[in-house]
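Everything below concerns the one structure shown next.
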Amino acid sequence: MAKKILVVDDDPVELRLLESRLTANGYEVALAHDGYEGLEVLKKEGIDLIVLDVEMPEMNGYTFLLEMKKIDAYKHIPVIVLTAHEENRPIFARRGILNYMVKPVDFEKFLTLITSLIAK
């Protein structure tokens with residue numbers, strides 16, 4: 001059975017690009033356009049990994065992470081944060097976010113990271 005990845009991003013082009021690339025590599029993909037929708041998808045579907053944009057309207061990636069971590073059933077799900085801002089590295093480290101990539105994403109490195117996180 002294919003592993004399922006939830007992609008949360010407010011950019012429809014980014015969503016479709018990630019969906020296409022992940023599907024082509026054998027993953028099932030669920031999509032959400034903001035943090036609120038992402039939490040709803042988590043409640044309905046068995047998710048193995050989350051790819052999360054930081055800067056989104058409504059509920060941003062940081063708030064999504066805080067809300068997700070409040071629910072015991074979701075604490076174990078690995079998250080890869082995507083950002084357009086390399087300078088946010090210290091902020092991520094302070095918040096315990098170790099798995100992140102700067103856009104545009106190097107897809108080979110991205111797939112390697114996904115594989116390693118899902119295998120744990």
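Within each chain, counting starts at residue 1; across the structure tokens, chains are named A, B, ... in the order shown, with ligands numbered 1 upward in that order.
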
Checklist line | segment 25-41 of chain A environment, 6 Å, only C-alpha atoms, sequence neighbours closer than 2 positions dropped, as a list in words | finding: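 Residues near the query, excluding close chain neighbours: Ala2, Lys3, Lys4, Ile5, Leu6, Val7, Val8, Asp9, Asp10, Leu22, Thr23, Lys43, Lys44, Glu45, Met59 and Phe64 of chain A.
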
Those same residues, written as a CSV table (one decimal), in the first residue's frame with N, CA and C atoms?
chain,number,residue,atom,x,y,z
A,2,ALA,N,0.6,2.2,-0.8
A,2,ALA,CA,1.4,3.4,-1.0
A,2,ALA,C,1.2,4.3,0.3
A,3,LYS,N,2.3,4.9,0.7
A,3,LYS,CA,2.3,5.9,1.8
A,3,LYS,C,1.6,7.1,1.3
A,4,LYS,N,0.9,7.8,2.3
A,4,LYS,CA,0.1,8.9,2.0
A,4,LYS,C,0.7,10.2,2.5
A,5,ILE,N,0.9,11.2,1.7
A,5,ILE,CA,1.5,12.4,2.1
A,5,ILE,C,0.5,13.6,1.9
A,6,LEU,N,0.4,14.3,3.0
A,6,LEU,CA,-0.5,15.5,3.0
A,6,LEU,C,0.4,16.7,2.6
A,7,VAL,N,0.0,17.5,1.6
A,7,VAL,CA,0.7,18.7,1.2
A,7,VAL,C,-0.2,19.9,1.6
A,8,VAL,N,0.3,20.8,2.4
A,8,VAL,CA,-0.5,21.9,2.8
A,8,VAL,C,0.3,23.2,2.3
A,9,ASP,N,-0.4,23.9,1.4
A,9,ASP,CA,0.2,25.0,0.8
A,9,ASP,C,-0.9,25.9,0.1
A,10,ASP,N,-0.8,27.2,0.2
A,10,ASP,CA,-1.8,28.1,-0.3
A,10,ASP,C,-1.6,28.4,-1.8
A,22,LEU,N,5.1,13.8,-6.5
A,22,LEU,CA,5.0,12.7,-5.5
A,22,LEU,C,4.2,11.5,-6.0
A,23,THR,N,3.1,11.8,-6.7
A,23,THR,CA,2.3,10.7,-7.3
A,23,THR,C,3.2,9.9,-8.3
A,43,LYS,N,-7.9,14.6,10.2
A,43,LYS,CA,-8.9,13.9,10.9
A,43,LYS,C,-9.6,12.8,10.1
A,44,LYS,N,-9.6,13.0,8.7
A,44,LYS,CA,-10.3,12.1,7.9
A,44,LYS,C,-9.5,11.0,7.2
A,45,GLU,N,-8.2,11.2,7.1
A,45,GLU,CA,-7.3,10.3,6.3
A,45,GLU,C,-6.1,9.9,7.1
A,59,MET,N,-4.5,30.1,8.5
A,59,MET,CA,-3.7,29.5,9.5
A,59,MET,C,-2.3,29.2,8.9
A,64,PHE,N,-0.4,25.7,12.4
A,64,PHE,CA,-0.8,24.3,12.1
A,64,PHE,C,0.0,23.3,12.9

Next item on the list: Show which residues sit within 8 Å of Ile80 of chain A, as a ChimeraX atom specification. Count only C-alpha atoms, and ignore same-chain residues fewer than 4 positions away.
Entry: /A:49-52,99-101

Can those selected residues be exported to a file as a PDB file, in the first residue's frame so that it contains C-alpha atoms?
ATOM      1  CA  LEU A  49       3.977  12.436   6.299  1.00  0.00           C
ATOM      2  CA  ILE A  50       3.137  16.139   5.961  1.00  0.00           C
ATOM      3  CA  VAL A  51       4.730  18.669   3.612  1.00  0.00           C
ATOM      4  CA  LEU A  52       3.936  22.095   5.026  1.00  0.00           C
ATOM      5  CA  ASN A  99      13.207  18.858   8.486  1.00  0.00           C
ATOM      6  CA  TYR A 100      12.819  21.766   6.125  1.00  0.00           C
ATOM      7  CA  MET A 101      13.753  22.722   2.614  1.00  0.00           C
TER       8      MET A 101
END

Check: DSSP on the backbone: what in chain A comes out strand (DSSP E or B), as a list in words?
Finding: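 Those residues are Lys4, Ile5, Leu6, Val7, Val8, Glu28, Val29, Ala30, Leu31, Ala32, Leu49, Ile50, Val51, Leu52, Asp53, Val79, Ile80, Val81, Leu82, Thr83, Tyr100, Met101 and Val102 of chain A.
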
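Counting only C-alpha atoms and comparing A:Pro104, A:Ile91, A:Lys109, A:Leu42, the residue that lies closest to Ile71 of chain A is A:Leu42.
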
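Closest to Gly96 of chain A among A:Leu117, A:Val79, A:Asp53, A:Asp11 is A:Val79, based on only C-alpha atoms.
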
Note to self: Would you compute the distance between atom CA of Asp72 of chain A and atom CA of Ala119 of chain A? Give it in Å to one decimal.
What the structure shows: 20.3 Å

Check: What is the distance, in Å and to one decimal place, between atom CA of Val81 of chain A and atom CA of Leu111 of chain A?
Finding: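 Taking atom CA of Val81 of chain A as the start and atom CA of Leu111 of chain A as the end point, the length is 13.6 Å.
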
Check: Which residue out of A:Arg16, A:Lys103, A:Lys120, A:Arg89 has the minimum interatomic distance to His76 of chain A when only C-alpha atoms are used?
Finding: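 Nearest candidate to His76 of chain A out of A:Arg16, A:Lys103, A:Lys120, A:Arg89: A:Lys120.
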
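The spacing separating atom CA of Asp48 of chain A from atom CA of Ile114 of chain A amounts to 10.0 Å.
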
Next item on the list: Select from chain A everything DSSP, run on the backbone, classes as alpha helix (DSSP H), then give the selection as a PyMOL selection string.
Entry: chain A and resi 12-24+35-44+61-69+89-94+107-119
